[in-house]
>>> print(open('protein_37.tsv').read())   # TSV, C-alpha atoms
chain	number	residue	atom	x	y	z
A	1	MET	CA	20.50	-13.14	-12.93
A	2	LYS	CA	24.04	-11.86	-12.38
A	3	ASN	CA	25.89	-13.20	-9.35
A	4	LEU	CA	27.74	-10.12	-8.06
A	5	ASP	CA	30.60	-9.90	-5.54
A	6	LYS	CA	29.97	-7.29	-2.87
A	7	GLU	CA	33.53	-5.93	-2.84
A	8	ASP	CA	33.00	-2.37	-4.08
A	9	GLU	CA	30.35	0.10	-2.89
A	10	LYS	CA	29.72	1.68	-6.29
A	11	PHE	CA	29.51	-1.58	-8.22
A	12	SER	CA	27.80	-3.85	-5.70
A	13	ILE	CA	24.73	-3.73	-7.92
A	14	ALA	CA	24.45	-3.67	-11.70
A	15	LYS	CA	21.89	-3.79	-14.46
A	16	ASP	CA	19.78	-7.01	-14.58
A	17	CYS	CA	20.79	-8.10	-11.07
A	18	GLU	CA	18.32	-8.82	-8.28
A	19	VAL	CA	18.04	-6.12	-5.61
A	20	VAL	CA	15.74	-5.05	-2.78
A	21	VAL	CA	13.99	-1.68	-2.78
A	22	SER	CA	12.48	0.44	0.01
A	23	CYS	CA	10.79	3.85	0.29
A	24	GLU	CA	10.09	6.63	2.81
A	25	GLU	CA	6.31	6.48	2.43
A	26	GLU	CA	4.48	6.40	5.76
A	27	GLY	CA	3.42	2.88	6.68
A	28	TYR	CA	6.13	1.23	4.52
A	29	ILE	CA	9.29	2.32	6.38
A	30	GLY	CA	11.43	-0.73	7.09
A	31	ALA	CA	9.88	-2.81	4.30
A	32	TRP	CA	12.02	-4.11	1.41
A	33	TYR	CA	10.67	-5.53	-1.87
A	34	ARG	CA	12.57	-7.73	-4.31
A	35	ALA	CA	13.07	-6.33	-7.81
A	36	ILE	CA	15.23	-6.53	-10.93
A	37	LEU	CA	17.43	-3.50	-11.68
A	38	GLU	CA	16.77	-2.43	-15.28
A	39	GLU	CA	19.36	0.37	-15.52
A	40	THR	CA	23.08	0.70	-14.80
A	41	PRO	CA	23.91	2.65	-11.60
A	42	THR	CA	25.89	5.88	-11.93
A	43	ARG	CA	29.11	6.67	-10.09
A	44	SER	CA	27.57	9.78	-8.54
A	45	GLY	CA	24.57	7.85	-7.25
A	46	ARG	CA	22.25	10.77	-7.98
A	47	LYS	CA	20.31	9.32	-10.89
A	48	LYS	CA	16.97	7.58	-10.40
A	49	LEU	CA	16.99	4.00	-11.61
A	50	ARG	CA	14.18	1.91	-13.07
A	51	VAL	CA	13.31	-1.30	-11.20
A	52	ARG	CA	10.87	-4.11	-11.98
A	53	TYR	CA	9.36	-5.69	-8.87
A	54	THR	CA	9.07	-9.46	-8.69
A	55	THR	CA	6.25	-9.55	-6.11
A	56	LEU	CA	4.25	-6.37	-6.88
A	57	LEU	CA	1.90	-6.15	-9.88
A	58	GLU	CA	0.21	-3.42	-11.88
A	59	GLU	CA	-3.55	-2.83	-11.69
A	60	ASP	CA	-4.15	-5.55	-14.29
A	61	CYS	CA	-2.81	-8.07	-11.70
A	62	SER	CA	-0.50	-9.69	-14.28
A	63	THR	CA	2.17	-7.15	-15.31
A	64	PRO	CA	5.11	-6.65	-12.89
A	65	PHE	CA	5.03	-3.18	-11.34
A	66	THR	CA	7.84	-0.92	-12.63
A	67	GLU	CA	8.97	2.47	-11.32
A	68	THR	CA	12.04	4.71	-10.99
A	69	VAL	CA	13.56	5.16	-7.52
A	70	GLU	CA	16.57	6.93	-6.06
A	71	GLU	CA	19.72	4.84	-5.72
A	72	ARG	CA	19.78	5.35	-1.96
A	73	PHE	CA	16.62	3.20	-1.72
A	74	ILE	CA	18.25	0.30	-3.60
A	75	ARG	CA	20.59	-2.27	-2.07
A	76	PRO	CA	21.80	-5.82	-2.85
A	77	VAL	CA	19.86	-8.86	-1.70
A	78	PRO	CA	20.91	-9.65	1.91
A	79	PRO	CA	22.68	-12.94	2.66
A	80	GLU	CA	20.86	-15.99	3.99
A	81	ASP	CA	22.44	-17.08	7.27
A	82	LEU	CA	20.74	-20.34	8.24
A	83	SER	CA	23.06	-20.84	11.21
A	84	VAL	CA	21.52	-18.01	13.24
A	85	VAL	CA	19.22	-19.21	16.04
A	86	LEU	CA	16.03	-17.16	16.31
A	87	GLU	CA	15.03	-16.32	19.86
A	88	GLU	CA	13.08	-13.76	21.85
A	89	GLY	CA	14.66	-10.37	21.24
A	90	SER	CA	16.07	-11.27	17.81
A	91	VAL	CA	15.82	-8.56	15.16
A	92	VAL	CA	14.39	-10.23	12.07
A	93	ASP	CA	12.90	-9.65	8.63
A	94	ALA	CA	9.41	-11.13	8.17
A	95	ASP	CA	7.95	-12.21	4.83
A	96	HIS	CA	4.69	-10.22	4.92
A	97	ASN	CA	2.49	-8.46	2.34
A	98	ASP	CA	4.81	-9.29	-0.60
A	99	GLY	CA	7.88	-7.78	1.11
A	100	TRP	CA	10.35	-8.20	3.98
A	101	TRP	CA	9.48	-6.13	7.08
A	102	LYS	CA	11.84	-5.41	9.97
A	103	GLY	CA	10.57	-6.50	13.39
A	104	VAL	CA	11.54	-8.00	16.75
A	105	ILE	CA	10.60	-11.44	18.09
A	106	ILE	CA	8.78	-10.89	21.37
A	107	LYS	CA	7.67	-14.45	21.99
A	108	LYS	CA	8.50	-17.95	20.79
A	109	MET	CA	5.33	-20.01	20.74
A	110	GLU	CA	5.48	-23.42	22.38
A	111	GLU	CA	3.97	-25.28	19.45
A	112	ASP	CA	4.67	-25.57	15.73
A	113	ASP	CA	7.91	-23.54	15.96
A	114	LYS	CA	6.09	-20.22	15.57
A	115	PHE	CA	7.09	-16.73	16.68
A	116	LEU	CA	5.21	-13.57	17.67
A	117	VAL	CA	6.84	-10.54	15.99
A	118	TYR	CA	6.36	-6.87	16.86
A	119	PHE	CA	6.58	-4.20	14.14
A	120	ASP	CA	7.25	-0.56	14.89
A	121	SER	CA	6.02	0.98	11.60
A	122	PRO	CA	3.11	0.62	11.52
A	123	PRO	CA	2.68	-0.72	15.09
A	124	ASP	CA	1.48	-4.33	14.93
A	125	MET	CA	2.10	-7.83	16.32
A	126	ILE	CA	1.77	-10.84	14.01
A	127	GLN	CA	2.50	-14.56	14.38
A	128	PHE	CA	4.84	-16.17	11.82
A	129	GLU	CA	6.28	-19.58	11.09
A	130	LYS	CA	10.05	-19.96	11.25
A	131	LYS	CA	10.33	-20.30	7.46
A	132	GLN	CA	8.79	-16.82	7.10
A	133	LEU	CA	11.57	-15.19	9.15
A	134	ARG	CA	15.25	-14.47	8.57
A	135	PRO	CA	17.91	-12.61	10.59
A	136	HIS	CA	18.03	-8.87	9.87
A	137	PHE	CA	21.18	-7.45	8.28
A	138	ASP	CA	22.05	-3.77	7.78
A	139	TRP	CA	23.81	-2.65	4.58
A	140	THR	CA	26.65	-0.18	5.27
A	141	GLY	CA	27.23	0.58	1.59
A	142	SER	CA	30.02	-1.95	1.16
A	143	LYS	CA	29.19	-4.87	3.44
A	144	TRP	CA	26.40	-6.50	5.47
A	145	VAL	CA	26.33	-6.20	9.26
A	146	ARG	CA	24.17	-8.42	11.48
A	147	SER	CA	21.78	-6.46	13.75
A	148	LEU	CA	22.44	-6.83	17.46
A	149	ASN	CA	19.77	-8.59	19.51
A	150	LYS	CA	19.98	-8.06	23.22
A	151	VAL	CA	21.89	-5.43	25.16
A	152	SER	CA	22.32	-5.33	28.91
A	153	GLU	CA	19.78	-2.89	30.32
A	154	GLU	CA	22.21	-1.84	33.05
A	155	GLN	CA	24.98	-1.22	30.52
A	156	TYR	CA	22.61	0.60	28.22
A	157	SER	CA	21.38	2.80	31.05
A	158	LYS	CA	24.91	3.89	31.85
A	159	GLU	CA	26.07	4.54	28.30
A	160	ASN	CA	22.92	5.80	26.57
A	161	SER	CA	20.60	7.23	29.23
A	162	HIS	CA	20.34	10.54	27.38
A	163	LYS	CA	19.25	8.75	24.20
A	164	ARG	CA	16.61	6.76	26.06
A	165	LYS	CA	15.11	9.88	27.64
A	166	ARG	CA	14.96	11.66	24.31
A	167	LYS	CA	13.38	8.69	22.52
A	168	ARG	CA	10.87	8.01	25.28
A	169	LYS	CA	9.79	11.66	25.23
A	170	LYS	CA	9.33	11.56	21.46
A	171	THR	CA	7.66	8.16	21.18
A	172	HIS	CA	5.60	7.81	24.32
A	173	ASN	CA	4.08	11.16	25.25
A	174	LEU	CA	1.37	9.50	27.32
A	175	ASN	CA	0.22	10.52	30.80
A	176	LEU	CA	-0.45	7.07	32.19
A	177	ASP	CA	-0.34	5.92	35.80
A	178	LYS	CA	-1.14	2.25	35.15
A	179	THR	CA	1.28	-0.63	35.22
A	180	GLU	CA	2.75	-3.17	32.83
A	181	ALA	CA	0.87	-5.84	30.89
A	182	MET	CA	2.86	-8.87	29.82
A	183	VAL	CA	2.53	-11.50	27.13
A	184	ALA	CA	2.15	-14.83	28.95
A	185	GLY	CA	5.45	-16.66	29.15
A	186	THR	CA	7.42	-13.88	27.38
A	187	SER	CA	10.75	-12.63	28.58
A	188	ASN	CA	10.54	-9.30	30.44
A	189	THR	CA	13.07	-7.46	28.32
A	190	ILE	CA	12.84	-6.77	24.57
A	191	PHE	CA	15.49	-4.96	22.58
A	192	ASP	CA	15.49	-3.26	19.19
A	193	GLY	CA	18.79	-1.90	17.94
A	194	ASP	CA	20.02	0.76	20.40
A	195	TYR	CA	16.93	0.90	22.62
A	196	ASP	CA	15.64	-1.48	25.26
A	197	GLN	CA	13.07	-1.50	28.04
A	198	THR	CA	10.52	-3.85	29.62
A	199	LEU	CA	7.98	-5.37	27.22
A	200	SER	CA	5.10	-3.35	28.61
A	201	SER	CA	7.11	-0.12	28.52
A	202	TRP	CA	8.26	-0.87	24.97
A	203	ILE	CA	4.77	-1.58	23.63
A	204	LEU	CA	2.49	0.45	25.87
A	205	GLY	CA	4.84	3.32	26.70
A	206	VAL	CA	4.45	3.05	30.49
A	207	LYS	CA	6.90	2.32	33.30
A	208	ALA	CA	6.43	-0.91	35.26
A	209	SER	CA	5.12	-0.51	38.79
A	210	ASN	CA	5.37	-3.15	41.47
A	211	GLY	CA	3.75	-1.38	44.42
A	212	SER	CA	0.08	-1.22	43.46
A	213	ASP	CA	-2.38	-4.07	44.08
A	214	LYS	CA	-4.74	-2.47	41.60
A	215	SER	CA	-1.97	-2.44	39.00
A	216	LYS	CA	-1.25	-6.13	39.64
A	217	GLU	CA	-4.93	-6.94	39.19
A	218	LEU	CA	-5.01	-5.06	35.88
A	219	ALA	CA	-1.84	-6.84	34.70
A	220	HIS	CA	-3.42	-10.19	35.63
A	221	ASP	CA	-6.60	-9.40	33.66
A	222	GLU	CA	-4.64	-8.29	30.62
A	223	THR	CA	-2.44	-11.39	30.82
A	224	ARG	CA	-5.58	-13.55	30.62
A	225	ALA	CA	-6.74	-11.51	27.62
A	226	SER	CA	-3.36	-11.97	25.92
A	227	GLU	CA	-3.61	-15.75	26.35
A	228	ASP	CA	-6.81	-15.69	24.30
A	229	THR	CA	-5.68	-13.25	21.61
A	230	THR	CA	-1.83	-13.51	21.68
A	231	MET	CA	-2.01	-9.74	21.92
A	232	VAL	CA	-1.23	-7.23	24.66
A	233	LEU	CA	-4.31	-5.01	25.01
A	234	PRO	CA	-4.55	-1.64	26.76
A	235	PHE	CA	-7.68	-2.78	28.62
A	236	ALA	CA	-9.20	-5.89	30.19
A	237	LYS	CA	-12.05	-7.72	28.45
A	238	ARG	CA	-14.79	-7.59	31.05
A	239	SER	CA	-17.92	-6.92	28.99
A	240	PRO	CA	-20.14	-9.89	27.96
A	241	ILE	CA	-20.57	-8.14	24.60
A	242	TRP	CA	-17.24	-9.51	23.45
A	243	LYS	CA	-18.65	-13.01	23.00
A	244	ALA	CA	-21.31	-11.72	20.60
A	245	VAL	CA	-18.88	-9.45	18.75
A	246	GLU	CA	-16.21	-12.10	18.26
A	247	SER	CA	-18.82	-14.58	17.04
A	248	MET	CA	-19.65	-12.35	14.05
A	249	GLU	CA	-19.17	-14.04	10.70
A	250	VAL	CA	-16.41	-11.65	9.64
A	251	TYR	CA	-14.23	-12.68	12.59
A	252	LYS	CA	-14.83	-16.37	11.88
A	253	THR	CA	-13.86	-16.30	8.21
A	254	ALA	CA	-10.87	-13.93	8.52
A	255	LYS	CA	-8.84	-13.79	11.72
A	256	GLN	CA	-8.32	-10.29	13.08
A	257	SER	CA	-5.94	-9.39	15.90
A	258	PRO	CA	-6.31	-5.66	16.61
A	259	HIS	CA	-3.96	-4.31	19.28
A	260	PHE	CA	-5.91	-1.06	20.02
A	261	ILE	CA	-2.66	0.66	21.07
A	262	PRO	CA	-3.97	4.18	20.15
A	263	LEU	CA	-6.60	3.76	22.89
A	264	LEU	CA	-3.82	4.39	25.41
A	265	GLU	CA	-4.35	8.07	24.66
A	266	THR	CA	-7.98	7.89	25.83
A	267	ARG	CA	-9.53	7.54	29.28
A	268	GLU	CA	-9.07	4.05	30.67
A	269	GLU	CA	-12.79	3.78	31.43
A	270	PHE	CA	-13.65	4.35	27.75
A	271	ARG	CA	-11.15	1.98	26.16
A	272	GLU	CA	-13.12	-1.27	26.21
A	273	GLY	CA	-16.25	0.40	24.83
A	274	LEU	CA	-14.26	2.12	22.09
A	275	ALA	CA	-12.62	-1.21	21.22
A	276	VAL	CA	-16.01	-2.93	20.93
A	277	GLY	CA	-17.18	-0.06	18.73
A	278	GLY	CA	-14.11	-0.51	16.55
A	279	MET	CA	-14.88	-4.21	16.10
A	280	VAL	CA	-18.49	-3.44	15.13
A	281	ASN	CA	-17.41	-0.63	12.79
A	282	PHE	CA	-14.92	-2.92	11.03
A	283	SER	CA	-17.59	-5.59	10.51
A	284	SER	CA	-20.12	-3.06	9.21
A	285	LEU	CA	-17.64	-1.35	6.87
A	286	LEU	CA	-16.40	-4.68	5.52
A	287	GLU	CA	-19.97	-5.68	4.68
A	288	ARG	CA	-20.45	-2.36	2.86
A	289	VAL	CA	-17.29	-2.91	0.84
A	290	ASN	CA	-18.35	-6.44	-0.12
A	291	ASN	CA	-21.63	-5.03	-1.46
A	292	LEU	CA	-20.07	-2.19	-3.46
A	293	GLN	CA	-20.89	-1.98	-7.15
A	294	PRO	CA	-18.66	-0.76	-10.03
A	295	HIS	CA	-20.74	2.43	-10.36
A	296	THR	CA	-20.10	3.47	-6.74
A	297	PRO	CA	-19.17	7.21	-6.61
A	298	LYS	CA	-15.49	7.95	-6.09
A	299	SER	CA	-16.32	10.11	-3.06
A	300	THR	CA	-17.87	7.08	-1.32
A	301	LEU	CA	-14.83	4.92	-2.10
A	302	ALA	CA	-12.51	7.63	-0.78
A	303	ARG	CA	-14.43	7.90	2.51
A	304	LEU	CA	-14.41	4.12	3.00
A	305	LYS	CA	-10.69	3.99	2.30
A	306	GLU	CA	-10.09	6.69	4.92
A	307	CYS	CA	-12.16	4.70	7.45
A	308	PHE	CA	-10.11	1.54	6.90
A	309	ALA	CA	-6.87	3.54	7.09
A	310	GLU	CA	-8.03	4.74	10.52
A	311	LEU	CA	-8.91	1.19	11.62
A	312	GLU	CA	-5.52	-0.05	10.44
A	313	LYS	CA	-3.92	2.11	13.14
A	314	TYR	CA	-5.68	-0.10	15.69
A	315	GLY	CA	-4.18	-3.29	14.24
A	316	PHE	CA	-6.99	-4.46	11.92
A	317	ASP	CA	-5.87	-6.26	8.77
A	318	VAL	CA	-7.42	-4.09	6.04
A	319	THR	CA	-5.58	-5.63	3.08
A	320	THR	CA	-8.68	-7.27	1.55
A	321	PRO	CA	-11.11	-4.30	1.76
A	322	ILE	CA	-8.44	-1.80	0.64
A	323	SER	CA	-7.60	-4.03	-2.34
A	324	ARG	CA	-11.27	-4.18	-3.32
A	325	ILE	CA	-11.65	-0.41	-2.96
A	326	ASN	CA	-8.51	0.16	-5.07
A	327	MET	CA	-9.88	-2.26	-7.69
A	328	LEU	CA	-13.15	-0.31	-7.81
A	329	PHE	CA	-11.18	2.94	-8.06
A	330	SER	CA	-9.36	1.42	-11.02
A	331	LEU	CA	-12.61	0.28	-12.63
A	332	THR	CA	-14.08	3.75	-12.06
A	333	ARG	CA	-11.08	5.38	-13.73
A	334	LYS	CA	-11.31	2.96	-16.64
A	335	GLN	CA	-15.05	3.62	-16.88
A	336	VAL	CA	-14.44	7.38	-16.92
A	337	ARG	CA	-11.77	6.96	-19.61
A	338	THR	CA	-14.15	4.78	-21.63
A	339	GLU	CA	-16.95	7.33	-21.28
A	340	ASP	CA	-14.55	10.08	-22.34
A	341	ARG	CA	-13.55	8.06	-25.40
A	342	VAL	CA	-17.22	7.46	-26.24
A	343	LYS	CA	-17.93	11.19	-25.94
A	344	ASP	CA	-14.92	12.01	-28.12
A	345	ASN	CA	-16.03	9.46	-30.71
A	346	ALA	CA	-19.56	10.90	-30.65
A	347	LYS	CA	-18.17	14.39	-31.27
A	348	LYS	CA	-16.03	13.08	-34.11
A	349	MET	CA	-19.05	11.33	-35.62
A	350	LYS	CA	-21.08	14.55	-35.45
A	351	ARG	CA	-18.27	16.44	-37.16
A	352	GLU	CA	-18.07	13.75	-39.86
A	353	VAL	CA	-21.85	13.85	-40.36
A	354	ARG	CA	-21.82	17.64	-40.73
A	355	LYS	CA	-18.89	17.40	-43.13
A	356	ARG	CA	-20.72	14.75	-45.20
A	357	GLN	CA	-23.88	16.84	-45.27
A	358	LYS	CA	-21.85	19.83	-46.49
A	359	LEU	CA	-20.29	17.70	-49.23
A	360	GLU	CA	-23.72	16.47	-50.33
A	361	GLN	CA	-25.01	20.04	-50.46
A	362	ASP	CA	-21.99	21.10	-52.53
A	363	MET	CA	-22.48	18.15	-54.87
A	364	LYS	CA	-26.14	19.07	-55.41
A	365	ALA	CA	-25.12	22.65	-56.15
A	366	VAL	CA	-22.56	21.44	-58.69
A	367	GLU	CA	-25.10	19.10	-60.30
A	368	PHE	CA	-27.59	21.95	-60.53
A	369	LYS	CA	-24.93	24.14	-62.15
A	370	ILE	CA	-24.10	21.35	-64.61
A	371	LEU	CA	-27.78	21.02	-65.59
A	372	GLU	CA	-28.01	24.77	-66.01
A	373	LEU	CA	-24.93	24.84	-68.24
A	374	GLN	CA	-26.21	21.89	-70.23
A	375	SER	CA	-29.50	23.75	-70.80
A	376	GLN	CA	-27.62	26.84	-71.92
A	377	LYS	CA	-25.51	24.70	-74.23
A	378	ALA	CA	-28.64	23.18	-75.80
A	379	ASP	CA	-30.14	26.65	-76.31
A	380	LEU	CA	-26.94	27.86	-77.96
A	381	LYS	CA	-26.87	24.87	-80.25
A	382	GLN	CA	-30.49	25.47	-81.23
A	383	LYS	CA	-29.79	29.14	-81.91
A	384	LYS	CA	-26.70	28.29	-83.92
A	385	LYS	CA	-28.66	25.83	-86.04
A	386	LYS	CA	-31.41	28.38	-86.63
A	387	ASP	CA	-28.91	31.04	-87.65
A	388	ALA	CA	-27.26	28.63	-90.07
A	389	SER	CA	-30.61	27.82	-91.69
A	390	GLU	CA	-31.41	31.49	-92.13
A	391	VAL	CA	-28.03	32.13	-93.81
A	392	GLN	CA	-28.52	29.19	-96.14
A	393	LEU	CA	-32.03	30.36	-97.11
A	394	SER	CA	-30.87	33.91	-97.86
A	395	SER	CA	-28.16	32.61	-100.21
A	396	PHE	CA	-30.74	30.90	-102.42
A	397	MET	CA	-32.68	34.01	-102.80
>>> encode(input="protein_37.tsv", output="structure tokens")
Amino acid sequence: MKNLDKEDEKFSIAKDCEVVVSCEEEGYIGAWYRAILEETPTRSGRKKLRVRYTTLLEEDCSTPFTETVEERFIRPVPPEDLSVVLEEGSVVDADHNDGWWKGVIIKKMEEDDKFLVYFDSPPDMIQFEKKQLRPHFDWTGSKWVRSLNKVSEEQYSKENSHKRKRKRKKTHNLNLDKTEAMVAGTSNTIFDGDYDQTLSSWILGVKASNGSDKSKELAHDETRASEDTTMVLPFAKRSPIWKAVESMEVYKTAKQSPHFIPLLETREEFREGLAVGGMVNFSSLLERVNNLQPHTPKSTLARLKECFAELEKYGFDVTTPISRINMLFSLTRKQVRTEDRVKDNAKKMKREVRKRQKLEQDMKAVEFKILELQSQKADLKQKKKKDASEVQLSSFM
């Protein structure tokens, strides 16, 4: 690998150096993947460059995945600053799903030096060990800049109130009259870049209320739920069905921590029931995927993939079932290609058989003609011999 000095914007990266690559695809915004640059950047920056990922593989699960991307999605590898202290409110990169994802620490766990990180795209909260996190740096084009952590809410309100109103209107268009729910022991204020608000307002999109006893009771119930699941939920777990649901085999073998944030757009009375239904649906669909066979129709695979994509919005980890579905898609495509090759070979064989049959017919015709000519030749010889005898006999007379 080439060790490059970051002193010039145009030549901060070069062929064969290690870089990080991102994309604008929905669900992957904010994620960066390590790769090797296989082409030399241009001065104009308009050319697409080929990169070879070091953590992503092709469908054969052994060959590094290679593609061409625009230069604006390529940047140098960020520096490693081990001196930075990670705390609640720190903007970090998390090592997750073979890439580095931008998030914010919303809680430092009391044991094992672990942190609870919130991701904005797609919305999710996941627990990480310290070694899986690093401070987030932004690349300006010529240098790295450390992301700011916390900003005074009072100062922010004075200087950027118009930005906050515009962002709240865009991000949280929810007509809710309920109050805040808090992660137990977490600081009240969380900040991400140029936007800050209380934890409940940031995650749930509602404004904290301190004057309602009913709101306090709801916040207390949701705090108890968060202690069990390390997750802020938009409802309180009151139904006894939860014990049976969470004891299902699928939730024992693979931990799931759905946040059910989209349920904030539904009636409060329906949320718990819809959440239970989501848990049951995930278990049922996962069992179906585990029992899929290579000959499963593509339409069935497509429907199942859509179902898991919908469940992913609620915070379910669908990596395993989606990987299996994609593998079956790949097998189906290979099977179709194999069948097409077999059909093509069968057609070629038929053409060869017809051609051979035609040649055999032509050969028989030629052989018949040869026999006919040989017969004519024998007759001519016989006639010639007879004529010669007659001439010889007439000369004696």
>>> residues_around(input="protein_37.tsv", residues="stretch 304-317 of chain A", least_positions_apart="5", cutoff="6 Å", atoms="only C-alpha atoms", output="list of chain:residue names")
A:Asp124, A:Pro258, A:His259, A:Phe260
>>> closest_residue(input="protein_37.tsv", among="A:Ile36, A:Leu380, A:Val19, A:Val318", to="A:Lys255", atoms="only C-alpha atoms")
A:Val318
>>> closest_residue(input="protein_37.tsv", among="A:Ser142, A:Gln361, A:Ser299, A:Ser239", to="A:Gly273", atoms="only C-alpha atoms")
A:Ser239
>>> atom_distance(input="protein_37.tsv", atom1="atom CA of A:Thr266", atom2="atom CA of A:Ala236")
14.5 Å
>>> atom_distance(input="protein_37.tsv", atom1="atom CA of A:Ile29", atom2="atom CA of A:Leu264")
23.2 Å
>>> residues_around(input="protein_37.tsv", residues="A:Gln127", least_positions_apart="4", cutoff="8 Å", atoms="only C-alpha atoms", output="list in words")
Lys114, Phe115, Leu116 and Val117 of chain A
>>> atom_distance(input="protein_37.tsv", atom1="atom CA of A:Met349", atom2="atom CA of A:Val336")
19.7 Å
>>> residues_around(input="protein_37.tsv", residues="A:Ser147", least_positions_apart="4", cutoff="7 Å", atoms="only C-alpha atoms", output="list in words")
Val91, His136, Phe137, Asp138 and Gly193 of chain A
>>> closest_atom_pairs(input="protein_37.tsv", of="stretch 261-338 of chain A", to="stretch 50-66 of chain A", cutoff="12 Å", atoms="all atoms listed in the file", output="tab-separated table")
residue	atom	partner	partner_atom	distance
A:Ser323	CA	A:Glu59	CA	10.3
A:Arg324	CA	A:Glu59	CA	11.5
A:Asn326	CA	A:Glu59	CA	8.8
A:Met327	CA	A:Glu59	CA	7.5
A:Leu328	CA	A:Glu59	CA	10.7
A:Phe329	CA	A:Glu59	CA	10.2
A:Ser330	CA	A:Glu59	CA	7.2
A:Leu331	CA	A:Glu59	CA	9.6
A:Arg333	CA	A:Glu59	CA	11.3
A:Lys334	CA	A:Glu59	CA	10.9
>>> residues_near_point(input="protein_37.tsv", point="(12.8, 5.6, -10.0)", cutoff="12 Å", atoms="all atoms listed in the file", output="list in words")
Val21, Ser22, Cys23, Leu37, Glu38, Glu39, Pro41, Arg46, Lys47, Lys48, Leu49, Arg50, Val51, Arg52, Tyr53, Phe65, Thr66, Glu67, Thr68, Val69, Glu70, Glu71, Arg72, Phe73 and Ile74 of chain A
>>> residues_near_point(input="protein_37.tsv", point="(-19.2, -7.7, 24.1)", cutoff="12 Å", atoms="all atoms listed in the file", output="PyMOL selection string")
chain A and resi 236-248+272-280
>>> closest_residue(input="protein_37.tsv", among="A:Phe270, A:Trp32, A:Phe235, A:Trp144", to="A:Asp93", atoms="all atoms listed in the file")
A:Trp32
